[in-house]
file input09.tsv (TSV, C-alpha atoms (C1' of nucleotides))
chain	number	residue	atom	x	y	z
A	27	MET	CA	-0.01	3.38	-22.64
A	28	GLY	CA	-2.38	2.04	-20.00
A	29	VAL	CA	-3.82	3.72	-16.95
A	30	GLN	CA	-1.82	6.54	-15.35
A	31	LEU	CA	-1.08	5.34	-11.83
A	32	GLY	CA	2.51	6.50	-11.40
A	33	GLN	CA	1.43	9.33	-9.10
A	34	ILE	CA	-0.41	7.28	-6.53
A	35	VAL	CA	1.29	3.92	-6.16
A	36	SER	CA	4.65	3.33	-4.50
A	37	PRO	CA	6.57	0.25	-5.59
A	38	THR	CA	9.01	-1.71	-3.47
A	39	GLU	CA	12.52	-1.82	-4.80
A	40	VAL	CA	13.87	-5.37	-4.58
A	41	PRO	CA	17.22	-6.78	-5.69
A	42	LEU	CA	17.23	-8.62	-8.98
A	43	ASP	CA	18.56	-11.63	-7.12
A	44	SER	CA	15.29	-12.03	-5.25
A	45	LEU	CA	13.61	-13.03	-8.53
A	46	LYS	CA	15.95	-15.97	-8.98
A	47	GLY	CA	14.01	-19.15	-9.69
A	48	LYS	CA	10.75	-17.24	-10.11
A	49	LYS	CA	8.43	-17.54	-13.08
A	50	LEU	CA	7.26	-14.27	-14.62
A	51	ALA	CA	4.57	-13.75	-17.24
A	52	LEU	CA	5.77	-10.94	-19.47
A	53	ASP	CA	3.62	-8.64	-21.53
A	54	ALA	CA	5.24	-9.38	-24.90
A	55	TYR	CA	3.80	-6.47	-26.89
A	56	ASN	CA	4.71	-4.01	-24.16
A	57	MET	CA	8.28	-5.22	-24.31
A	58	LEU	CA	8.56	-5.50	-28.10
A	59	TYR	CA	7.23	-1.96	-28.55
A	60	GLN	CA	9.84	-0.70	-26.13
A	61	PHE	CA	12.55	-2.39	-28.16
A	62	LEU	CA	11.17	-0.89	-31.35
A	63	ALA	CA	11.11	2.53	-29.74
A	64	THR	CA	14.60	2.51	-28.29
A	65	ILE	CA	16.76	0.25	-30.44
A	66	ARG	CA	17.44	2.68	-33.24
A	67	GLN	CA	20.28	4.59	-34.79
A	68	ALA	CA	21.02	8.20	-33.97
A	69	ASP	CA	18.71	9.48	-36.73
A	70	GLY	CA	15.87	7.24	-35.58
A	71	THR	CA	16.17	4.56	-38.26
A	72	PRO	CA	15.39	1.13	-36.79
A	73	PHE	CA	17.73	-1.81	-37.28
A	74	THR	CA	16.92	-3.82	-40.36
A	75	GLY	CA	18.03	-6.99	-42.12
A	76	ASP	CA	19.30	-7.30	-45.68
A	77	GLY	CA	15.81	-7.04	-47.13
A	78	GLY	CA	14.98	-3.90	-45.18
A	79	GLU	CA	12.85	-5.81	-42.66
A	80	VAL	CA	12.89	-4.38	-39.13
A	81	THR	CA	14.96	-6.40	-36.66
A	82	SER	CA	15.13	-4.07	-33.62
A	83	HIS	CA	12.57	-6.15	-31.76
A	84	LEU	CA	14.62	-9.32	-32.30
A	85	VAL	CA	17.80	-7.67	-31.06
A	86	GLY	CA	16.05	-6.60	-27.90
A	87	LEU	CA	14.20	-9.87	-27.38
A	88	LEU	CA	17.36	-11.96	-27.76
A	89	TYR	CA	19.46	-9.97	-25.31
A	90	ARG	CA	16.67	-9.34	-22.81
A	91	THR	CA	15.65	-12.98	-22.72
A	92	THR	CA	19.18	-14.30	-22.30
A	93	SER	CA	19.79	-11.71	-19.61
A	94	LEU	CA	16.67	-12.81	-17.72
A	95	LEU	CA	17.59	-16.49	-17.98
A	96	VAL	CA	21.18	-15.89	-16.89
A	97	ASN	CA	19.76	-14.05	-13.88
A	98	GLY	CA	17.78	-17.16	-12.98
A	99	ILE	CA	14.39	-15.76	-14.00
A	100	ARG	CA	11.94	-18.00	-15.88
A	101	PRO	CA	10.01	-15.87	-18.36
A	102	ILE	CA	6.89	-16.80	-20.28
A	103	TYR	CA	5.80	-14.27	-22.89
A	104	SER	CA	2.13	-13.41	-23.30
A	105	PHE	CA	1.18	-12.11	-26.76
A	106	ASP	CA	-1.83	-9.93	-27.53
A	107	GLY	CA	-4.70	-11.44	-29.47
A	108	LYS	CA	-7.71	-9.65	-30.89
A	109	PRO	CA	-8.29	-6.31	-29.17
A	110	SER	CA	-11.57	-5.66	-27.42
A	111	PRO	CA	-13.94	-3.39	-29.41
A	112	LEU	CA	-13.78	-1.12	-26.37
A	113	LYS	CA	-10.16	-0.41	-27.24
A	114	LEU	CA	-10.81	0.84	-30.78
A	115	ASN	CA	-10.77	4.53	-29.85
A	116	THR	CA	-7.43	4.12	-28.13
A	117	LEU	CA	-6.02	2.27	-31.12
A	118	LYS	CA	-7.25	4.97	-33.51
A	119	ALA	CA	-5.72	7.66	-31.32
A	120	ARG	CA	-2.41	5.79	-31.31
A	121	ALA	CA	-2.51	5.51	-35.09
A	122	ARG	CA	-2.99	9.28	-35.33
A	123	VAL	CA	-0.04	9.89	-33.01
A	124	LYS	CA	2.09	7.66	-35.22
A	125	GLU	CA	1.10	9.54	-38.37
A	126	ARG	CA	1.96	12.87	-36.83
A	127	ALA	CA	5.21	11.52	-35.36
A	128	THR	CA	6.22	10.24	-38.80
A	129	GLN	CA	5.88	13.75	-40.23
A	130	GLU	CA	7.67	15.31	-37.27
A	131	TRP	CA	10.47	12.76	-37.65
A	132	GLU	CA	11.00	13.84	-41.26
A	133	ALA	CA	10.85	17.49	-40.29
A	134	ALA	CA	13.45	17.00	-37.57
A	135	LEU	CA	15.74	15.24	-40.03
A	136	GLN	CA	15.42	18.13	-42.49
A	137	ALA	CA	16.29	20.51	-39.67
A	138	GLY	CA	19.27	18.36	-38.72
A	139	ASP	CA	17.98	17.87	-35.16
A	140	LEU	CA	19.03	14.26	-34.47
A	141	PRO	CA	17.90	13.99	-30.83
A	142	LEU	CA	14.43	15.22	-31.82
A	143	ALA	CA	14.42	12.90	-34.83
A	144	LYS	CA	15.14	9.90	-32.63
A	145	LYS	CA	12.47	10.90	-30.14
A	146	LYS	CA	9.85	11.25	-32.87
A	147	ALA	CA	10.95	8.06	-34.60
A	148	ALA	CA	10.41	6.16	-31.35
A	149	GLN	CA	6.70	7.07	-31.52
A	150	THR	CA	6.29	5.65	-35.03
A	151	SER	CA	6.95	2.03	-34.04
A	152	ARG	CA	4.69	-0.57	-35.61
A	153	LEU	CA	4.60	-4.25	-34.77
A	154	THR	CA	3.51	-6.26	-37.82
A	155	GLU	CA	2.39	-9.89	-38.09
A	156	PRO	CA	5.68	-11.16	-39.56
A	157	MET	CA	7.56	-9.35	-36.79
A	158	VAL	CA	5.43	-11.08	-34.15
A	159	ALA	CA	5.92	-14.43	-35.90
A	160	ASP	CA	9.69	-13.93	-35.84
A	161	ALA	CA	9.58	-13.08	-32.13
A	162	LYS	CA	7.67	-16.29	-31.33
A	163	GLU	CA	10.05	-18.30	-33.49
A	164	LEU	CA	13.02	-16.83	-31.63
A	165	LEU	CA	11.48	-17.77	-28.28
A	166	ASP	CA	10.88	-21.32	-29.52
A	167	ALA	CA	14.52	-21.51	-30.61
A	168	LEU	CA	15.63	-20.24	-27.21
A	169	GLY	CA	13.49	-22.84	-25.40
A	170	VAL	CA	11.37	-20.15	-23.77
A	171	PRO	CA	7.57	-20.62	-23.59
A	172	TRP	CA	5.01	-18.14	-24.86
A	173	VAL	CA	1.24	-18.04	-24.86
A	174	GLN	CA	-1.18	-16.57	-27.37
A	175	ALA	CA	-3.73	-14.59	-25.39
A	176	PRO	CA	-7.27	-14.51	-26.78
A	177	SER	CA	-7.33	-10.75	-26.28
A	178	GLU	CA	-5.13	-8.64	-24.00
A	179	GLY	CA	-1.70	-10.09	-23.29
A	180	GLU	CA	-1.67	-8.24	-19.99
A	181	ALA	CA	-4.94	-9.86	-18.95
A	182	GLN	CA	-3.51	-13.28	-19.77
A	183	ALA	CA	-0.36	-12.56	-17.76
A	184	ALA	CA	-2.39	-11.29	-14.81
A	185	GLN	CA	-4.63	-14.35	-14.76
A	186	MET	CA	-1.64	-16.69	-14.87
A	187	ALA	CA	-0.30	-14.92	-11.81
A	188	ARG	CA	-3.68	-14.99	-10.11
A	189	ARG	CA	-3.87	-18.74	-10.62
A	190	GLY	CA	-0.46	-19.05	-8.99
A	191	ASP	CA	1.18	-20.47	-12.12
A	192	VAL	CA	3.68	-17.63	-12.19
A	193	TRP	CA	4.97	-15.47	-9.36
A	194	ALA	CA	4.09	-12.16	-11.00
A	195	ALA	CA	3.09	-10.38	-14.17
A	196	ALA	CA	5.77	-8.15	-15.67
A	197	SER	CA	5.00	-5.02	-17.65
A	198	GLU	CA	5.86	-1.34	-17.57
A	199	ASP	CA	2.14	-0.56	-17.63
A	200	TYR	CA	-0.12	-0.87	-14.60
A	201	ASP	CA	-3.03	-2.58	-16.33
A	202	THR	CA	-2.14	-6.04	-15.04
A	203	LEU	CA	-3.16	-4.80	-11.57
A	204	LEU	CA	-6.60	-4.01	-12.98
A	205	PHE	CA	-6.66	-7.44	-14.59
A	206	GLY	CA	-6.17	-8.99	-11.16
A	207	THR	CA	-2.50	-9.85	-10.82
A	208	PRO	CA	-1.39	-10.26	-7.20
A	209	ARG	CA	2.02	-8.85	-8.12
A	210	LEU	CA	3.43	-6.63	-10.84
A	211	VAL	CA	7.13	-6.40	-11.66
A	212	ARG	CA	8.33	-3.22	-13.33
A	213	GLY	CA	11.78	-2.13	-14.34
A	214	LEU	CA	12.93	-5.22	-16.20
A	215	ALA	CA	13.88	-2.65	-18.82
A	216	ALA	CA	17.00	-1.68	-16.89
A	217	LEU	CA	18.75	-4.82	-15.79
A	218	LYS	CA	22.26	-3.54	-16.36
A	219	HIS	CA	24.27	-3.64	-13.18
A	220	SER	CA	27.78	-3.20	-11.91
A	221	LEU	CA	29.66	-4.85	-9.05
A	222	ARG	CA	28.49	-2.49	-6.31
A	223	ASP	CA	24.95	-2.26	-7.70
A	224	THR	CA	23.73	-5.77	-8.43
A	225	GLY	CA	20.57	-4.54	-10.10
A	226	SER	CA	17.04	-4.10	-8.88
A	227	VAL	CA	13.43	-4.09	-10.05
A	228	ARG	CA	10.24	-2.54	-8.72
A	229	VAL	CA	7.55	-4.81	-7.36
A	230	LEU	CA	3.97	-3.79	-6.71
A	231	SER	CA	1.93	-6.11	-4.55
A	232	ALA	CA	-1.78	-5.71	-5.26
A	233	GLU	CA	-2.62	-6.34	-1.63
A	234	GLU	CA	-0.14	-3.71	-0.53
A	235	VAL	CA	-1.32	-1.17	-3.09
A	236	LEU	CA	-4.94	-1.62	-2.09
A	237	SER	CA	-4.24	-1.37	1.62
A	238	GLN	CA	-2.11	1.74	1.08
A	239	LEU	CA	-4.94	3.36	-0.86
A	240	SER	CA	-7.65	1.98	1.45
A	241	LEU	CA	-9.52	0.58	-1.54
A	242	SER	CA	-11.02	-2.75	-2.46
A	243	LEU	CA	-10.12	-4.14	-5.89
A	244	PRO	CA	-13.52	-3.11	-7.35
A	245	GLU	CA	-13.02	0.39	-5.94
A	246	PHE	CA	-9.54	0.46	-7.41
A	247	ILE	CA	-11.02	-0.43	-10.78
A	248	VAL	CA	-13.61	2.32	-10.48
A	249	MET	CA	-10.88	4.79	-9.62
A	250	CYS	CA	-9.04	3.81	-12.79
A	251	LEU	CA	-12.21	4.16	-14.85
A	252	LEU	CA	-12.47	7.74	-13.58
A	253	ILE	CA	-8.86	8.44	-14.52
A	254	GLY	CA	-9.35	6.76	-17.90
A	255	THR	CA	-8.00	3.50	-19.30
A	256	ASP	CA	-7.30	2.07	-22.73
A	257	PHE	CA	-10.96	0.98	-22.74
A	258	ASN	CA	-12.72	4.17	-21.62
A	259	GLU	CA	-12.02	7.85	-21.81
A	260	GLY	CA	-11.98	9.16	-18.29
A	261	PHE	CA	-13.51	12.45	-17.24
A	262	GLN	CA	-12.73	16.11	-17.77
A	263	GLY	CA	-10.91	17.53	-14.78
A	264	ILE	CA	-10.49	14.17	-13.03
A	265	GLY	CA	-6.93	12.96	-12.63
A	266	PRO	CA	-5.32	10.41	-10.34
A	267	LYS	CA	-5.60	12.60	-7.24
A	268	ARG	CA	-9.31	13.42	-7.45
A	269	ALA	CA	-10.21	9.95	-8.65
A	270	LEU	CA	-8.48	8.44	-5.63
A	271	LYS	CA	-10.25	10.80	-3.28
A	272	LEU	CA	-13.63	10.01	-4.77
A	273	ALA	CA	-13.04	6.25	-4.73
A	274	GLN	CA	-12.06	6.51	-1.07
A	275	GLU	CA	-15.54	7.76	-0.25
A	276	HIS	CA	-16.70	4.17	-0.80
A	277	LEU	CA	-19.93	5.20	-2.49
A	278	GLY	CA	-20.30	2.05	-4.52
A	279	PHE	CA	-19.90	1.60	-8.27
A	280	GLU	CA	-22.96	3.40	-9.59
A	281	GLU	CA	-22.91	6.39	-7.27
A	282	THR	CA	-19.19	6.98	-7.79
A	283	ILE	CA	-19.68	7.02	-11.56
A	284	ARG	CA	-22.70	9.32	-11.29
A	285	ARG	CA	-20.73	11.81	-9.18
A	286	VAL	CA	-18.60	12.63	-12.20
A	287	GLY	CA	-21.53	12.57	-14.63
A	288	GLY	CA	-20.71	9.17	-16.09
A	289	ASP	CA	-23.02	6.41	-17.27
A	290	PRO	CA	-22.79	3.38	-14.96
A	291	ALA	CA	-24.25	1.04	-17.58
A	292	THR	CA	-21.54	1.79	-20.12
A	293	LEU	CA	-18.72	1.63	-17.62
A	294	LYS	CA	-20.01	-1.58	-16.09
A	295	GLU	CA	-18.94	-3.28	-19.31
A	296	VAL	CA	-15.38	-1.97	-18.90
A	297	ALA	CA	-15.30	-2.92	-15.23
A	298	ASP	CA	-16.33	-6.46	-16.20
A	299	LEU	CA	-13.56	-6.62	-18.76
A	300	PHE	CA	-11.03	-5.93	-16.00
A	301	GLY	CA	-12.72	-8.09	-13.40
A	302	ASN	CA	-13.26	-11.09	-15.64
A	303	PRO	CA	-10.99	-10.78	-18.66
A	304	PRO	CA	-10.72	-13.39	-21.41
A	305	PHE	CA	-7.76	-15.71	-21.04
A	306	THR	CA	-6.72	-19.20	-22.00
A	307	PRO	CA	-5.67	-21.92	-19.52
A	308	GLU	CA	-3.75	-23.62	-22.30
A	309	TYR	CA	-0.13	-22.82	-21.71
A	310	ARG	CA	2.85	-24.91	-20.81
A	311	LEU	CA	5.44	-23.61	-18.40
A	312	VAL	CA	8.42	-25.50	-19.73
A	313	TRP	CA	11.89	-24.10	-20.29
A	314	THR	CA	14.37	-26.09	-22.34
A	315	ARG	CA	17.88	-25.66	-23.68
A	316	PRO	CA	18.15	-23.40	-26.70
A	317	THR	CA	18.54	-24.93	-30.14
A	318	PRO	CA	21.52	-22.96	-31.51
A	319	GLU	CA	20.90	-24.06	-35.12
A	320	LYS	CA	17.36	-22.68	-35.00
A	321	VAL	CA	18.57	-19.38	-33.54
A	322	MET	CA	21.25	-19.16	-36.22
A	323	ARG	CA	18.88	-19.97	-39.06
A	324	LEU	CA	16.47	-17.26	-37.97
A	325	LEU	CA	18.84	-14.51	-36.94
A	326	VAL	CA	21.93	-15.10	-39.07
A	327	ASP	CA	20.61	-16.73	-42.27
A	328	ARG	CA	17.28	-14.92	-42.49
A	329	HIS	CA	17.97	-11.56	-40.87
A	330	GLY	CA	21.68	-10.95	-41.31
A	331	PHE	CA	22.83	-10.97	-37.66
A	332	GLU	CA	26.55	-11.52	-37.10
A	333	GLU	CA	27.17	-15.21	-36.53
A	334	ALA	CA	29.98	-15.01	-33.95
A	335	ARG	CA	28.09	-12.53	-31.82
A	336	ILE	CA	24.91	-14.60	-31.72
A	337	ALA	CA	26.84	-17.82	-31.07
A	338	ARG	CA	28.51	-16.17	-28.09
A	339	THR	CA	25.16	-15.02	-26.74
A	340	VAL	CA	23.47	-18.41	-27.11
A	341	GLU	CA	26.45	-20.10	-25.49
A	342	LYS	CA	25.74	-18.23	-22.27
A	343	LEU	CA	22.51	-20.20	-21.94
A	344	GLY	CA	24.37	-23.52	-21.88
A	345	ASP	CA	24.85	-23.61	-18.14
A	346	VAL	CA	21.66	-21.91	-17.01
A	347	ASP	CA	19.80	-23.87	-14.38
A	348	LEU	CA	16.33	-24.56	-15.78
A	349	SER	CA	14.90	-26.37	-12.77
A	350	THR	CA	12.23	-24.80	-10.64
A	351	PRO	CA	13.08	-24.78	-6.96
A	352	PRO	CA	10.40	-26.74	-5.05
A	353	LYS	CA	10.66	-24.33	-2.16
A	354	PRO	CA	11.54	-20.85	-3.37
A	355	LEU	CA	13.73	-18.72	-1.17
A	356	GLN	CA	11.61	-16.34	0.86
A	357	THR	CA	12.03	-12.70	-0.13
A	358	ALA	CA	11.46	-9.60	1.93
A	359	LEU	CA	8.23	-9.01	0.03
A	360	ASP	CA	6.93	-12.53	0.61
A	361	ASP	CA	7.71	-12.05	4.27
A	362	PHE	CA	5.80	-8.79	4.36
A	363	GLU	CA	2.80	-10.36	2.64
A	364	GLY	CA	2.88	-13.29	4.99
A	365	ARG	CA	2.19	-10.99	7.91
A	366	THR	CA	-0.71	-9.04	6.36
B	786	DC	C1'	17.68	-2.43	-25.44
B	787	DC	C1'	22.61	-5.13	-24.41
B	788	DA	C1'	27.63	-6.32	-25.31
B	789	DG	C1'	32.04	-5.28	-25.79
B	790	DA	C1'	35.54	-1.74	-26.68
B	791	DA	C1'	37.48	2.42	-25.27
B	792	DT	C1'	38.62	5.18	-21.71
B	793	DA	C1'	40.57	7.19	-17.55
C	1181	DT	C1'	38.94	-1.94	-12.59
C	1182	DA	C1'	34.70	0.81	-12.87
C	1183	DT	C1'	32.46	3.86	-15.85
C	1184	DT	C1'	31.32	5.90	-20.61
C	1185	DC	C1'	30.84	5.35	-25.49
C	1186	DT	C1'	29.69	3.07	-29.65
C	1187	DG	C1'	28.04	-0.49	-32.58
C	1188	DG	C1'	24.76	-3.84	-33.48
C	1189	DG	C1'	21.11	-5.14	-38.03

call {"tool": "encode", "arguments": {"input": "input09.tsv", "output": "structure tokens"}}
result
Amino acid sequence: MGVQLGQIVSPTEVPLDSLKGKKLALDAYNMLYQFLATIRQADGTPFTGDGGEVTSHLVGLLYRTTSLLVNGIRPIYSFDGKPSPLKLNTLKARARVKERATQEWEAALQAGDLPLAKKKAAQTSRLTEPMVADAKELLDALGVPWVQAPSEGEAQAAQMARRGDVWAAASEDYDTLLFGTPRLVRGLAALKHSLRDTGSVRVLSAEEVLSQLSLSLPEFIVMCLLIGTDFNEGFQGIGPKRALKLAQEHLGFEETIRRVGGDPATLKEVADLFGNPPFTPEYRLVWTRPTPEKVMRLLVDRHGFEEARIARTVEKLGDVDLSTPPKPLQTALDDFEGRT
DNA sequence: CCAGAATA
DNA sequence: TATTCTGGG
């Protein structure tokens, strides 16, 4: 879920075309969970292969990845590793939500309420080890790089962007901003476009966000700690609005925390996690042609996808330009940043 | 979610 | 030809 910043940040809408030739580090779990939530039948049943194994995430990953590549975007997927102990409460809470949603899904089915059933089913999504292994194997077969983060995939993506290895981190959550990304791309979940509307995504520039809010990055992090993150609970009666106001008083870390009755020592640990998150420098940003036989073996032979359909999809990648432009075209956002 | 068929 | 619906696994 991540920190709730939707109320107080305003993204810039940019045409999809402006991402052409750019490398993006994608939060793989964020994306795979979205596929698992949405790619379901009317009654909420996920797609499965012959053996009953869930395949919704592979459907989504295949089509999303080809769509990105055809649009000239160079994705690298960042997979979650071991969660921080600080996240255990959040994970337990999510597990409880899933248990309840599973019961409510069944109840909705009994009542014959399909829309409700699908909505509840979406909340039951689980990403298992074999499912993750399949996703990585599919990326390998497609010639798309991925990296195994030591801990948070979002932190890994953010650090890659901070080091300038990729143009931006991409996730629907805002946590990459806390993890220090200079840019966050949202809205890759709706790439579909027509002739008049050529598609667009939302970009958040960290520099722009901070200057709009009149906050330093450490103050921004404190604000988020007040609101609550996946790694700490937040405070009763403090939402985005009040947290922003308090952070804007520039009282410093300890005093700001004390104002809401929090313990600076405990929260310092969370602030450090955001400010200096674990990541690995061992990743290779190399995109190659897909290996159709590998894609076929995985999706058709092992998971029962329709051969002709997959062949058609992989074919589209044949004439994708995989080179990285030495001098990327300047976008409106780059121009804006250049002046600030 | 995306692709392709159906539709108007 | 652009938009809506349905099937995919």

call {"tool": "interface_residues", "arguments": {"input": "input09.tsv", "of": "chain C", "to": "chain A", "cutoff": "9 Å", "atoms": "only C-alpha atoms (C1' of nucleotides)", "output": "list in words"}}
result
DA1182, DG1188 and DG1189 of chain C

call {"tool": "closest_atom_pairs", "arguments": {"input": "input09.tsv", "of": "chain B", "to": "chain A", "cutoff": "12 Å", "atoms": "all atoms listed in the file", "output": "Markdown table"}}
result
| residue | atom | partner | partner_atom | distance |
| --- | --- | --- | --- | --- |
| B:DC786 | C1' | A:Gly86 | CA | 5.1 |
| B:DC787 | C1' | A:Tyr89 | CA | 5.8 |
| B:DA788 | C1' | A:Tyr89 | CA | 8.9 |
| B:DG789 | C1' | A:Arg335 | CA | 10.2 |

call {"tool": "residues_around", "arguments": {"input": "input09.tsv", "residues": "DC1185 of chain C", "least_positions_apart": "4", "cutoff": "10 Å", "atoms": "only C-alpha atoms (C1' of nucleotides)", "output": "PyMOL selection string"}}
result
chain B and resi 790-792

call {"tool": "atom_distance", "arguments": {"input": "input09.tsv", "atom1": "atom CA of Ala134 of chain A", "atom2": "atom CA of Asn56 of chain A"}}
result
26.4 Å

call {"tool": "residues_around", "arguments": {"input": "input09.tsv", "residues": "Pro290 of chain A", "least_positions_apart": "4", "cutoff": "12 Å", "atoms": "only C-alpha atoms (C1' of nucleotides)", "output": "NGL selection string"}}
result
:A and (248 or 251-252 or 278-286 or 294-298)

call {"tool": "atom_distance", "arguments": {"input": "input09.tsv", "atom1": "atom CA of Tyr55 of chain A", "atom2": "atom CA of Thr255 of chain A"}}
result
17.2 Å

call {"tool": "atom_distance", "arguments": {"input": "input09.tsv", "atom1": "atom CA of Gln136 of chain A", "atom2": "atom CA of Lys124 of chain A"}}
result
18.4 Å

call {"tool": "build_atoms", "arguments": {"input": "input09.tsv", "residues": "segment 287-300 of chain A", "atoms": "N, CA and C atoms", "output": "PDB file, in the frame of the given file"}}
result
ATOM      1  N   GLY A 287     -20.684  12.437 -13.444  1.00  0.00           N
ATOM      2  CA  GLY A 287     -21.530  12.570 -14.630  1.00  0.00           C
ATOM      3  C   GLY A 287     -21.365  11.451 -15.635  1.00  0.00           C
ATOM      4  N   GLY A 288     -20.893  10.295 -15.177  1.00  0.00           N
ATOM      5  CA  GLY A 288     -20.710   9.170 -16.090  1.00  0.00           C
ATOM      6  C   GLY A 288     -21.914   8.257 -16.138  1.00  0.00           C
ATOM      7  N   ASP A 289     -21.920   7.367 -17.117  1.00  0.00           N
ATOM      8  CA  ASP A 289     -23.020   6.410 -17.270  1.00  0.00           C
ATOM      9  C   ASP A 289     -22.590   5.053 -16.730  1.00  0.00           C
ATOM     10  N   PRO A 290     -23.176   4.646 -15.581  1.00  0.00           N
ATOM     11  CA  PRO A 290     -22.790   3.380 -14.960  1.00  0.00           C
ATOM     12  C   PRO A 290     -22.943   2.174 -15.880  1.00  0.00           C
ATOM     13  N   ALA A 291     -23.992   2.195 -16.713  1.00  0.00           N
ATOM     14  CA  ALA A 291     -24.250   1.040 -17.580  1.00  0.00           C
ATOM     15  C   ALA A 291     -23.108   0.816 -18.565  1.00  0.00           C
ATOM     16  N   THR A 292     -22.649   1.899 -19.159  1.00  0.00           N
ATOM     17  CA  THR A 292     -21.540   1.790 -20.120  1.00  0.00           C
ATOM     18  C   THR A 292     -20.267   1.327 -19.440  1.00  0.00           C
ATOM     19  N   LEU A 293     -19.984   1.925 -18.295  1.00  0.00           N
ATOM     20  CA  LEU A 293     -18.720   1.630 -17.620  1.00  0.00           C
ATOM     21  C   LEU A 293     -18.722   0.259 -16.940  1.00  0.00           C
ATOM     22  N   LYS A 294     -19.919  -0.241 -16.678  1.00  0.00           N
ATOM     23  CA  LYS A 294     -20.010  -1.580 -16.090  1.00  0.00           C
ATOM     24  C   LYS A 294     -19.335  -2.605 -17.010  1.00  0.00           C
ATOM     25  N   GLU A 295     -19.513  -2.387 -18.303  1.00  0.00           N
ATOM     26  CA  GLU A 295     -18.940  -3.280 -19.310  1.00  0.00           C
ATOM     27  C   GLU A 295     -17.406  -3.277 -19.211  1.00  0.00           C
ATOM     28  N   VAL A 296     -16.838  -2.095 -19.022  1.00  0.00           N
ATOM     29  CA  VAL A 296     -15.380  -1.970 -18.900  1.00  0.00           C
ATOM     30  C   VAL A 296     -14.904  -2.603 -17.598  1.00  0.00           C
ATOM     31  N   ALA A 297     -15.655  -2.338 -16.529  1.00  0.00           N
ATOM     32  CA  ALA A 297     -15.300  -2.920 -15.230  1.00  0.00           C
ATOM     33  C   ALA A 297     -15.299  -4.445 -15.302  1.00  0.00           C
ATOM     34  N   ASP A 298     -16.260  -5.005 -16.038  1.00  0.00           N
ATOM     35  CA  ASP A 298     -16.330  -6.460 -16.200  1.00  0.00           C
ATOM     36  C   ASP A 298     -15.145  -6.991 -16.987  1.00  0.00           C
ATOM     37  N   LEU A 299     -14.714  -6.214 -17.962  1.00  0.00           N
ATOM     38  CA  LEU A 299     -13.560  -6.620 -18.760  1.00  0.00           C
ATOM     39  C   LEU A 299     -12.321  -6.770 -17.865  1.00  0.00           C
ATOM     40  N   PHE A 300     -12.172  -5.846 -16.928  1.00  0.00           N
ATOM     41  CA  PHE A 300     -11.030  -5.930 -16.000  1.00  0.00           C
ATOM     42  C   PHE A 300     -11.241  -7.049 -14.978  1.00  0.00           C
TER      43      PHE A 300
END
